[in-house]
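J.: What follows is upload_23.txt, made up of compact mmCIF, C-alpha atoms and all ligand atoms:
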```txt
# COMPACT_ATOMS: atom_id res chain seq x y z
CA MET A 1 6.64 26.44 3.04
CA HIS A 2 9.56 24.45 1.70
CA PRO A 3 9.24 24.00 -2.07
CA SER A 4 9.74 20.24 -1.86
CA GLU A 5 6.84 19.94 0.58
CA GLY A 6 4.32 22.36 -0.82
CA ALA A 7 3.58 22.04 -4.50
CA PRO A 8 1.25 19.72 -6.36
CA PRO A 9 3.12 16.91 -8.05
CA ARG A 10 2.18 17.30 -11.67
CA ARG A 11 1.28 20.90 -12.23
CA GLN A 12 3.88 23.14 -10.60
CA VAL A 13 6.96 21.13 -9.74
CA PRO A 14 9.51 20.61 -12.48
CA PRO A 15 10.38 16.92 -12.91
CA GLU A 16 13.43 15.85 -10.91
CA ARG A 17 15.99 13.79 -12.75
CA HIS A 18 16.79 10.43 -11.21
CA THR A 19 19.09 7.88 -12.75
CA ALA A 20 17.84 4.35 -13.37
CA THR A 21 20.22 3.24 -10.59
CA GLU A 22 18.57 5.59 -8.08
CA ILE A 23 15.14 4.33 -9.00
CA VAL A 24 16.25 0.71 -8.67
CA GLN A 25 17.86 1.53 -5.30
CA ALA A 26 14.64 3.19 -4.16
CA SER A 27 12.66 0.18 -5.32
CA THR A 28 14.76 -2.12 -3.14
CA ALA A 29 14.56 0.13 -0.09
CA GLY A 30 13.02 -2.74 1.88
CA ALA A 31 16.54 -3.98 2.52
CA ALA A 32 17.71 -0.64 3.89
CA ALA A 33 17.24 1.01 7.25
CA VAL A 34 15.39 4.01 5.78
CA ALA A 35 11.61 4.23 5.83
CA VAL A 36 10.09 2.60 2.77
CA LEU A 37 7.52 5.37 2.69
CA ARG A 38 7.52 8.84 4.20
CA VAL A 39 4.52 11.14 3.84
CA LYS A 40 4.51 14.72 5.09
CA GLY A 41 1.61 17.17 5.28
CA LEU A 42 -0.34 15.52 2.47
CA THR A 43 -3.51 17.38 1.52
CA LYS A 44 -6.00 16.34 -1.13
CA ASN A 45 -9.03 18.18 -2.53
CA TYR A 46 -11.42 17.26 -5.30
CA GLY A 47 -12.01 20.69 -6.82
CA ASN A 48 -13.08 22.87 -3.90
CA VAL A 49 -14.07 19.91 -1.76
CA PRO A 50 -11.40 18.87 0.76
CA VAL A 51 -10.89 15.13 1.23
CA PHE A 52 -8.06 15.05 3.78
CA SER A 53 -5.28 17.29 5.01
CA GLN A 54 -2.05 17.14 7.02
CA ILE A 55 -1.39 13.45 6.57
CA ASP A 56 1.94 12.40 8.12
CA LEU A 57 3.07 8.79 7.86
CA SER A 58 6.32 6.88 8.01
CA VAL A 59 6.42 3.16 7.27
CA LEU A 60 9.44 1.02 8.08
CA PRO A 61 10.69 -2.02 6.16
CA GLY A 62 8.55 -5.07 6.97
CA GLU A 63 5.93 -3.08 8.87
CA PHE A 64 2.21 -3.87 8.50
CA VAL A 65 0.06 -0.75 8.92
CA ALA A 66 -3.75 -0.85 8.82
CA ILE A 67 -5.72 2.28 7.94
CA VAL A 68 -9.32 2.44 9.10
CA GLY A 69 -11.87 5.24 8.90
CA GLU A 70 -15.43 5.96 7.92
CA SER A 71 -16.64 5.30 4.40
CA GLY A 72 -15.83 8.26 2.17
CA VAL A 73 -13.09 9.67 4.41
CA GLY A 74 -10.48 9.06 1.72
CA LYS A 75 -8.74 5.74 2.41
CA SER A 76 -8.73 4.65 -1.25
CA THR A 77 -7.74 8.14 -2.35
CA LEU A 78 -4.84 8.11 0.12
CA LEU A 79 -3.61 4.69 -1.07
CA ASN A 80 -3.80 5.91 -4.67
CA CYS A 81 -1.70 8.95 -3.74
CA LEU A 82 0.87 6.76 -1.96
CA ALA A 83 1.22 4.67 -5.13
CA GLY A 84 1.52 7.79 -7.29
CA LEU A 85 -1.71 6.84 -9.06
CA ASP A 86 -3.42 10.07 -8.01
CA THR A 87 -2.21 13.64 -7.52
CA TRP A 88 -2.45 15.77 -4.37
CA ASP A 89 -2.57 19.46 -3.56
CA SER A 90 0.23 19.92 -1.05
CA GLY A 91 2.67 17.88 0.98
CA SER A 92 5.05 15.18 -0.15
CA VAL A 93 5.26 11.41 -0.64
CA ARG A 94 8.71 9.83 -0.60
CA LEU A 95 9.06 6.25 -1.75
CA GLY A 96 12.44 4.76 -0.84
CA GLY A 97 13.71 8.31 -0.36
CA ILE A 98 12.54 9.59 -3.75
CA ASP A 99 9.97 12.40 -3.83
CA LEU A 100 7.14 11.13 -6.08
CA GLY A 101 5.86 14.66 -6.62
CA LYS A 102 9.10 15.69 -8.31
CA LEU A 103 9.26 12.84 -10.81
CA SER A 104 8.10 13.01 -14.40
CA ASP A 105 5.06 10.85 -15.18
CA THR A 106 7.31 8.25 -16.82
CA ALA A 107 9.76 8.05 -13.92
CA ARG A 108 6.89 7.85 -11.43
CA ALA A 109 5.30 4.99 -13.38
CA LEU A 110 8.64 3.16 -13.47
CA LEU A 111 9.16 3.60 -9.74
CA ARG A 112 5.59 2.50 -9.03
CA ARG A 113 6.00 -0.66 -11.13
CA ARG A 114 9.20 -1.61 -9.39
CA ALA A 115 8.56 -0.50 -5.84
CA THR A 116 4.87 -1.16 -5.22
CA GLY A 117 2.24 -3.84 -5.56
CA PHE A 118 -1.44 -2.92 -5.36
CA VAL A 119 -4.33 -5.17 -4.37
CA PHE A 120 -7.55 -3.39 -5.31
CA GLN A 121 -10.90 -3.99 -3.67
CA ALA A 122 -12.46 -4.87 -7.02
CA PHE A 123 -9.56 -7.20 -7.98
CA HIS A 124 -8.82 -5.48 -11.35
CA VAL A 125 -7.97 -8.87 -12.80
CA LEU A 126 -8.00 -8.68 -16.61
CA PRO A 127 -10.85 -10.92 -17.81
CA HIS A 128 -9.39 -11.98 -21.17
CA LEU A 129 -6.05 -13.09 -19.76
CA SER A 130 -5.54 -16.42 -18.04
CA VAL A 131 -4.78 -16.52 -14.32
CA ALA A 132 -1.08 -17.15 -15.08
CA GLN A 133 -0.94 -14.24 -17.57
CA ASN A 134 -2.56 -11.94 -15.00
CA VAL A 135 0.01 -12.89 -12.37
CA ALA A 136 2.90 -12.44 -14.83
CA LEU A 137 1.77 -8.94 -15.85
CA PRO A 138 4.07 -6.90 -13.53
CA LEU A 139 7.09 -8.82 -14.83
CA LEU A 140 6.03 -8.17 -18.44
CA LEU A 141 5.69 -4.45 -17.67
CA LEU A 142 9.20 -4.50 -16.19
CA GLY A 143 10.57 -6.02 -19.41
CA GLN A 144 11.11 -9.48 -17.92
CA GLY A 145 8.61 -11.25 -20.19
CA LYS A 146 11.32 -13.33 -21.87
CA ASP A 147 12.94 -14.50 -18.64
CA PRO A 148 13.05 -18.33 -18.92
CA ALA A 149 12.32 -18.54 -15.19
CA LEU A 150 9.04 -16.62 -15.58
CA PRO A 151 6.68 -19.65 -15.79
CA LEU A 152 8.31 -21.15 -12.68
CA ARG A 153 7.96 -17.85 -10.81
CA VAL A 154 4.29 -17.66 -11.77
CA ASP A 155 3.70 -21.25 -10.67
CA ALA A 156 5.46 -20.59 -7.36
CA ALA A 157 3.44 -17.40 -6.81
CA LEU A 158 0.18 -19.24 -7.45
CA GLU A 159 1.20 -22.10 -5.19
CA SER A 160 2.06 -19.66 -2.40
CA VAL A 161 -1.52 -18.37 -2.35
CA GLY A 162 -3.02 -21.87 -2.60
CA LEU A 163 -3.88 -21.71 -6.30
CA ASP A 164 -1.52 -24.26 -7.85
CA GLY A 165 -3.04 -25.73 -10.98
CA PHE A 166 -5.28 -22.70 -11.63
CA GLY A 167 -2.89 -20.95 -14.07
CA THR A 168 -4.68 -21.85 -17.29
CA ARG A 169 -8.14 -20.88 -16.07
CA LEU A 170 -9.85 -17.63 -17.03
CA PRO A 171 -10.84 -15.26 -14.20
CA GLN A 172 -14.54 -15.94 -14.80
CA GLN A 173 -13.90 -19.55 -13.73
CA LEU A 174 -12.73 -18.47 -10.25
CA SER A 175 -14.56 -17.48 -7.08
CA GLY A 176 -14.22 -14.03 -5.49
CA GLY A 177 -11.78 -15.27 -2.85
CA GLN A 178 -9.68 -17.05 -5.48
CA LEU A 179 -9.63 -13.91 -7.64
CA GLN A 180 -8.43 -11.88 -4.68
CA ARG A 181 -5.61 -14.37 -4.15
CA VAL A 182 -4.67 -14.01 -7.85
CA ALA A 183 -4.48 -10.26 -7.20
CA ILE A 184 -2.17 -10.89 -4.21
CA ALA A 185 0.10 -13.17 -6.25
CA ARG A 186 0.23 -10.52 -8.99
CA ALA A 187 0.97 -7.71 -6.53
CA LEU A 188 3.94 -9.58 -5.06
CA ILE A 189 5.49 -11.46 -7.99
CA HIS A 190 8.04 -8.71 -8.68
CA ARG A 191 8.94 -8.58 -4.95
CA PRO A 192 8.16 -4.92 -4.31
CA PRO A 193 9.22 -3.45 -0.95
CA LEU A 194 5.76 -1.88 -0.50
CA LEU A 195 2.36 -3.51 -0.88
CA LEU A 196 -0.81 -1.40 -0.82
CA ALA A 197 -4.09 -3.24 -0.27
CA ASP A 198 -7.49 -1.56 -0.48
CA GLU A 199 -10.16 -3.58 1.33
CA PRO A 200 -8.61 -6.83 0.09
CA THR A 201 -11.18 -8.88 1.99
CA GLY A 202 -14.14 -6.58 1.38
CA ASN A 203 -15.83 -8.77 -1.21
CA VAL A 204 -15.56 -12.22 0.33
CA ASP A 205 -17.18 -14.13 3.20
CA SER A 206 -15.47 -14.23 6.57
CA SER A 207 -13.80 -17.64 6.28
CA THR A 208 -12.49 -16.78 2.79
CA ALA A 209 -11.42 -13.39 4.19
CA THR A 210 -9.28 -15.19 6.75
CA LYS A 211 -7.62 -17.28 4.03
CA VAL A 212 -7.01 -14.23 1.84
CA LEU A 213 -5.55 -12.26 4.74
CA ASP A 214 -3.40 -15.22 5.81
CA SER A 215 -1.98 -15.37 2.26
CA LEU A 216 -1.40 -11.64 2.19
CA VAL A 217 0.34 -11.45 5.57
CA ALA A 218 2.41 -14.61 4.99
CA GLN A 219 3.55 -13.40 1.59
CA THR A 220 4.47 -9.90 2.71
CA ARG A 221 6.35 -11.30 5.73
CA GLU A 222 8.18 -13.81 3.54
CA HIS A 223 9.23 -11.06 1.14
CA ALA A 224 10.01 -8.68 4.06
CA ALA A 225 7.72 -6.19 2.31
CA SER A 226 5.85 -3.40 4.07
CA LEU A 227 2.07 -3.60 3.91
CA ILE A 228 -0.40 -0.72 4.09
CA LEU A 229 -3.94 -2.00 4.15
CA ALA A 230 -7.22 -0.07 4.21
CA THR A 231 -10.07 -1.92 5.87
CA HIS A 232 -13.39 -1.59 7.68
CA SER A 233 -12.80 -4.84 9.52
CA GLU A 234 -11.59 -4.71 13.12
CA SER A 235 -10.34 -8.29 12.95
CA VAL A 236 -8.28 -7.50 9.85
CA ALA A 237 -6.93 -4.32 11.43
CA GLY A 238 -6.16 -6.29 14.59
CA ARG A 239 -3.53 -8.31 12.69
CA ALA A 240 -1.49 -5.18 11.91
CA ASP A 241 1.60 -3.90 13.76
CA ARG A 242 -0.04 -0.46 13.86
CA VAL A 243 -3.58 0.78 13.33
CA LEU A 244 -4.19 4.32 12.10
CA ILE A 245 -7.49 6.13 11.84
CA LEU A 246 -7.97 8.45 8.87
CA ARG A 247 -9.94 11.59 9.61
CA PRO A 248 -10.42 14.67 7.42
CA ASP A 249 -7.78 16.54 9.42
CA GLY A 250 -5.11 13.87 9.63
CA LEU A 251 -4.03 10.34 10.40
CA TYR A 252 -4.34 9.31 14.06
CA SER A 253 -2.91 6.39 15.92
CA ALA A 254 -5.16 4.16 18.00
CA SER A 255 -4.61 1.49 20.58
CA ARG A 256 -6.53 -1.75 20.06
CA GLN A 257 -8.92 -0.72 22.84
CA GLN A 258 -9.52 2.63 21.18
CA LEU A 259 -10.07 0.88 17.87
CA LYS A 260 -12.75 -1.37 19.36
CA ALA A 261 -14.42 1.55 21.09
CA ARG A 262 -13.77 4.14 18.44
CA VAL A 263 -17.42 4.78 17.72
CA GLN A 264 -17.91 5.90 21.33
CA GLU A 265 -14.54 7.62 21.76
CA PRO A 266 -14.46 11.40 21.42
CA PRO A 267 -11.85 12.35 18.78
CA GLN A 268 -9.62 14.21 21.26
CA THR A 269 -8.70 10.94 23.00
CA LEU A 270 -6.76 10.02 19.86
CA VAL A 271 -3.23 11.35 19.73
CA PRO A 272 -1.80 12.68 16.45
CA LEU A 273 0.57 10.09 15.03
CA SER A 274 3.47 12.46 14.51
CA GLU A 275 3.66 13.15 18.24
CA THR A 276 3.42 9.59 19.47
CA ASP A 277 4.89 7.30 16.86
CA ARG A 278 7.41 5.15 18.74
CA SER A 279 6.33 5.79 22.32
CA ALA A 280 2.74 4.68 21.69
CA TYR A 281 3.89 1.47 20.03
CA GLY A 282 6.91 0.67 22.13
CA ASP A 283 7.15 -3.06 21.54
CA SER A 284 6.19 -3.01 17.91
CA ALA A 285 8.41 -0.05 17.07
CA ALA A 286 11.35 -1.59 18.91
CA ARG A 287 10.91 -4.85 17.00
CA LEU A 288 10.75 -2.99 13.71
CA HIS A 289 13.80 -0.99 14.68
CA VAL A 290 15.65 -4.26 15.20
CA MET A 291 14.45 -5.46 11.79
CA ALA A 292 15.66 -2.22 10.24
CA GLU A 293 19.03 -2.55 11.95
CA ARG A 294 19.35 -6.11 10.67
CA GLY A 295 18.48 -4.90 7.17
CA ARG A 296 21.34 -2.41 7.40
CA GLY A 297 23.87 -5.16 8.05
N1 LIG B 1 -12.97 11.32 -8.85
C1 LIG B 1 -13.59 11.90 -7.81
N2 LIG B 1 -14.10 13.15 -7.92
C2 LIG B 1 -14.69 13.76 -6.87
N3 LIG B 1 -14.80 13.21 -5.64
C3 LIG B 1 -14.31 11.98 -5.49
C4 LIG B 1 -13.66 11.26 -6.54
N4 LIG B 1 -13.26 10.06 -6.06
C5 LIG B 1 -13.63 10.02 -4.76
N5 LIG B 1 -14.27 11.17 -4.42
C6 LIG B 1 -14.76 11.53 -3.09
O1 LIG B 1 -13.65 11.54 -2.23
C7 LIG B 1 -14.02 11.03 -0.95
C8 LIG B 1 -13.08 9.92 -0.55
O2 LIG B 1 -13.36 8.76 -1.34
P1 LIG B 1 -12.62 7.38 -1.07
O3 LIG B 1 -13.11 6.44 -2.11
O4 LIG B 1 -11.17 7.64 -1.02
O5 LIG B 1 -13.16 7.01 0.37
P2 LIG B 1 -12.93 5.69 1.22
O6 LIG B 1 -12.52 6.10 2.58
O7 LIG B 1 -12.06 4.77 0.48
O8 LIG B 1 -14.41 5.10 1.29
P3 LIG B 1 -14.88 3.55 1.41
O9 LIG B 1 -14.57 3.13 2.82
O10 LIG B 1 -16.35 3.64 1.16
O11 LIG B 1 -14.16 2.76 0.37
C9 LIG B 1 -15.48 10.64 -1.05
O12 LIG B 1 -16.27 11.65 -0.49
C10 LIG B 1 -15.72 10.50 -2.52
O13 LIG B 1 -17.05 10.81 -2.84
MG MG B 2 -12.33 2.88 -0.40
```
Could you spell out this file's structure in structure tokens?
Ligand SMILES: Nc1ncnc2c1ncn2[C@@H]1O[C@H](COP(=O)(O)OP(=O)(O)OP(=O)(O)O)[C@@H](O)[C@H]1O
Ligand SMILES: [Mg+2]
T.:
Amino acid sequence: MHPSEGAPPRRQVPPERHTATEIVQASTAGAAAVAVLRVKGLTKNYGNVPVFSQIDLSVLPGEFVAIVGESGVGKSTLLNCLAGLDTWDSGSVRLGGIDLGKLSDTARALLRRRATGFVFQAFHVLPHLSVAQNVALPLLLLGQGKDPALPLRVDAALESVGLDGFGTRLPQQLSGGQLQRVAIARALIHRPPLLLADEPTGNVDSSTATKVLDSLVAQTREHAASLILATHSESVAGRADRVLILRPDGLYSASRQQLKARVQEPPQTLVPLSETDRSAYGDSAARLHVMAERGRG
């Protein structure tokens, strides 16, 4: 096994040195032709209990990928690994070309802050901060708290998710759908190339879910960010460029028909992603290729 592919990120691999410039370049990989995210052979256990193994995934700039799968199969765990919030047992995660498993904790946190936004199922909005302060948080963590343009950026972010005028409220004065839109504004305010969303519509009714998803998709498209979204909802997954099914032994691609019928489908009708990738998604992959080519120029 190649050393860069095989070792757990924190325990056995010595930290790799990356300059601040490299990390900034990686965090703006959305403008480049390289994959924003490349995962190879990722395996995760909790103690002796396996969660998933052999996860391969490549996400292009601007691509929207939905991940579905049964409850408990590891969708949230996988998203946490992709953000470098959790460790794994073997395999590799490259964000903008940088191997997360080889970074020191500090460098990984810096890359995560710059390169990713995370919308959690349970919002994770801080209750004692105002809506505007919650949205500004990523910029404060990136040392941009004194930027005179910050209040305008926060106002624009809130307006873009339909929450203009809500900045001075406390989270307890908002509905679930409004809180989720605060979380979306916060996840995107620093314009990360990669947005990870874990059941972002799981806690709201269906009409609010549509509004939240509309905000999320519009915002990621406007920022040309890539979106990886875990969901149980077929209608949410149906909006994605690609739908992948997480199973204990890997990530599988599914056509929309297979997705609808997946409860009845025997697993062998699903083709491993690594073998199909572009051919199974001809139109979508071709369009994304064009987007990537444009990004290069
Ligand atoms: N800290 C932990 N220690 C041990 N096992 C854990 C831990 N966190 C999660 N698990 C287990 O790992 C598995 C994957 O959990 P995860 O939350 O990633 O699933 P999921 O696919 O997101 O489920 P859901 O669709 O219900 O949100 C589950 O069996 C869960 O019980
Ligand atoms: Mg989950």
J.: Go through A:Arg94, A:Lys44, A:Lys75, A:Lys102 and flag the residue nearest Val59 in chain A, using all atoms listed in the file for the distances.
T.: A:Arg94
J.: Nearest residue to ligand LIG 1 (chain B) out of A:Leu150, A:Ile245, A:Ala157, A:Leu111, using all atoms listed in the file?
T.: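 Using all atoms listed in the file, ligand LIG 1 (chain B) sits closest to A:Ile245.
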J.: Could you pull out the residues sitting within 12 Å of ligand LIG 1 (chain B), using only C-alpha atoms and all ligand atoms, and write them as JSON, numbers by chain?
T.: {"A": [44, 45, 46, 47, 48, 49, 50, 51, 52, 67, 68, 69, 70, 71, 72, 73, 74, 75, 76, 77, 78, 79, 80, 81, 86, 87, 120, 121, 122, 197, 198, 199, 200, 202, 203, 229, 230, 231, 232, 233, 245, 246, 247, 248]}
J.: For a test of reading the model, state the distance in Å between CA of Glu234 in chain A and CA of Val65 in chain A, rounded to one decimal.
T.: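 Going from CA of Glu234 in chain A over to CA of Val65 in chain A covers 13.0 Å.
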J.: Could you please determine the separation between CA of Thr106 in chain A and CA of Leu139 in chain A in Å, to one decimal place?
T.: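 These two atoms are separated by 17.2 Å.
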J.: For range 240-252 of chain A, what centre and edge lengths in Å (one decimal) does the axis-aligned box get once 4 Å is added on each side of all its listed atoms, as lines of an AutoDock Vina configuration file?
T.:
```
center_x = -4.4
center_y = 5.7
center_z = 10.7
size_x = 20.0
size_y = 29.7
size_z = 14.6
```
J.: With all atoms listed in the file as the basis for distance, which of A:Thr116, A:Ser92, A:Ser207, A:Gln144 is at the shortest distance from Pro193 in chain A?
T.: A:Thr116
J.: Rank A:Arg239, A:Arg181, A:His190, A:Arg112 by their smallest atom-to-atom distance to Leu100 in chain A, using only C-alpha atoms, and report the top residue only.
T.: A:Arg112
J.: Would you pick out the contacts of Arg221 in chain A at 10 Å or less, using all atoms listed in the file, so that residues sharing its chain but fewer than 6 positions from it are not included, and give the list as a count of residues only?
T.: 5
J.: For the atom pair CA of Arg114 in chain A and CA of Ser160 in chain A, what is the interatomic distance in Å to one decimal place?
T.: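 Those two atoms sit 20.6 Å apart.
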J.: Counting only C-alpha atoms, which of A:Leu37, A:Gln180, A:Ala185, A:Leu42 gets nearest to Val204 in chain A?
T.: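 Of all the options, A:Gln180 lies closest to Val204 in chain A.
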J.: With a distance cut-off of 12 Å and all atoms listed in the file, select the neighbouring residues of Ala156 in chain A, excluding the residue or stretch itself and same-chain residues fewer than 3 positions from it, and output the selection as an NGL selection string.
T.: :A and (132 or 135-136 or 149-153 or 159-167 or 185-186 or 188-189 or 219)
J.: Please provide as a PyMOL selection string all residues within 9 Å of Lys40 in chain A, with the sequence filter that same-chain residues fewer than 3 positions apart are discarded (counting all atoms listed in the file).
T.: chain A and resi 5+54-58+91-94
J.: Can you write out the residues you just picked, keeping C-alpha atoms, as a PDB file, in the frame of the given file?
T.:
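What landed in again_22.pdb:
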```
ATOM      1  CA  GLU A   5       6.840  19.940   0.580  1.00  0.00           C
ATOM      2  CA  GLN A  54      -2.050  17.140   7.020  1.00  0.00           C
ATOM      3  CA  ILE A  55      -1.390  13.450   6.570  1.00  0.00           C
ATOM      4  CA  ASP A  56       1.940  12.400   8.120  1.00  0.00           C
ATOM      5  CA  LEU A  57       3.070   8.790   7.860  1.00  0.00           C
ATOM      6  CA  SER A  58       6.320   6.880   8.010  1.00  0.00           C
ATOM      7  CA  GLY A  91       2.670  17.880   0.980  1.00  0.00           C
ATOM      8  CA  SER A  92       5.050  15.180  -0.150  1.00  0.00           C
ATOM      9  CA  VAL A  93       5.260  11.410  -0.640  1.00  0.00           C
ATOM     10  CA  ARG A  94       8.710   9.830  -0.600  1.00  0.00           C
TER      11      ARG A  94
END
```
J.: Using all atoms listed in the file, pick whichever of A:Ser206, A:Ser53, A:Ser104, A:Ser130 has the shortest atom-to-atom distance to Val236 in chain A.
T.: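 Of A:Ser206, A:Ser53, A:Ser104, A:Ser130, the one nearest Val236 in chain A, counting all atoms listed in the file, is A:Ser206.
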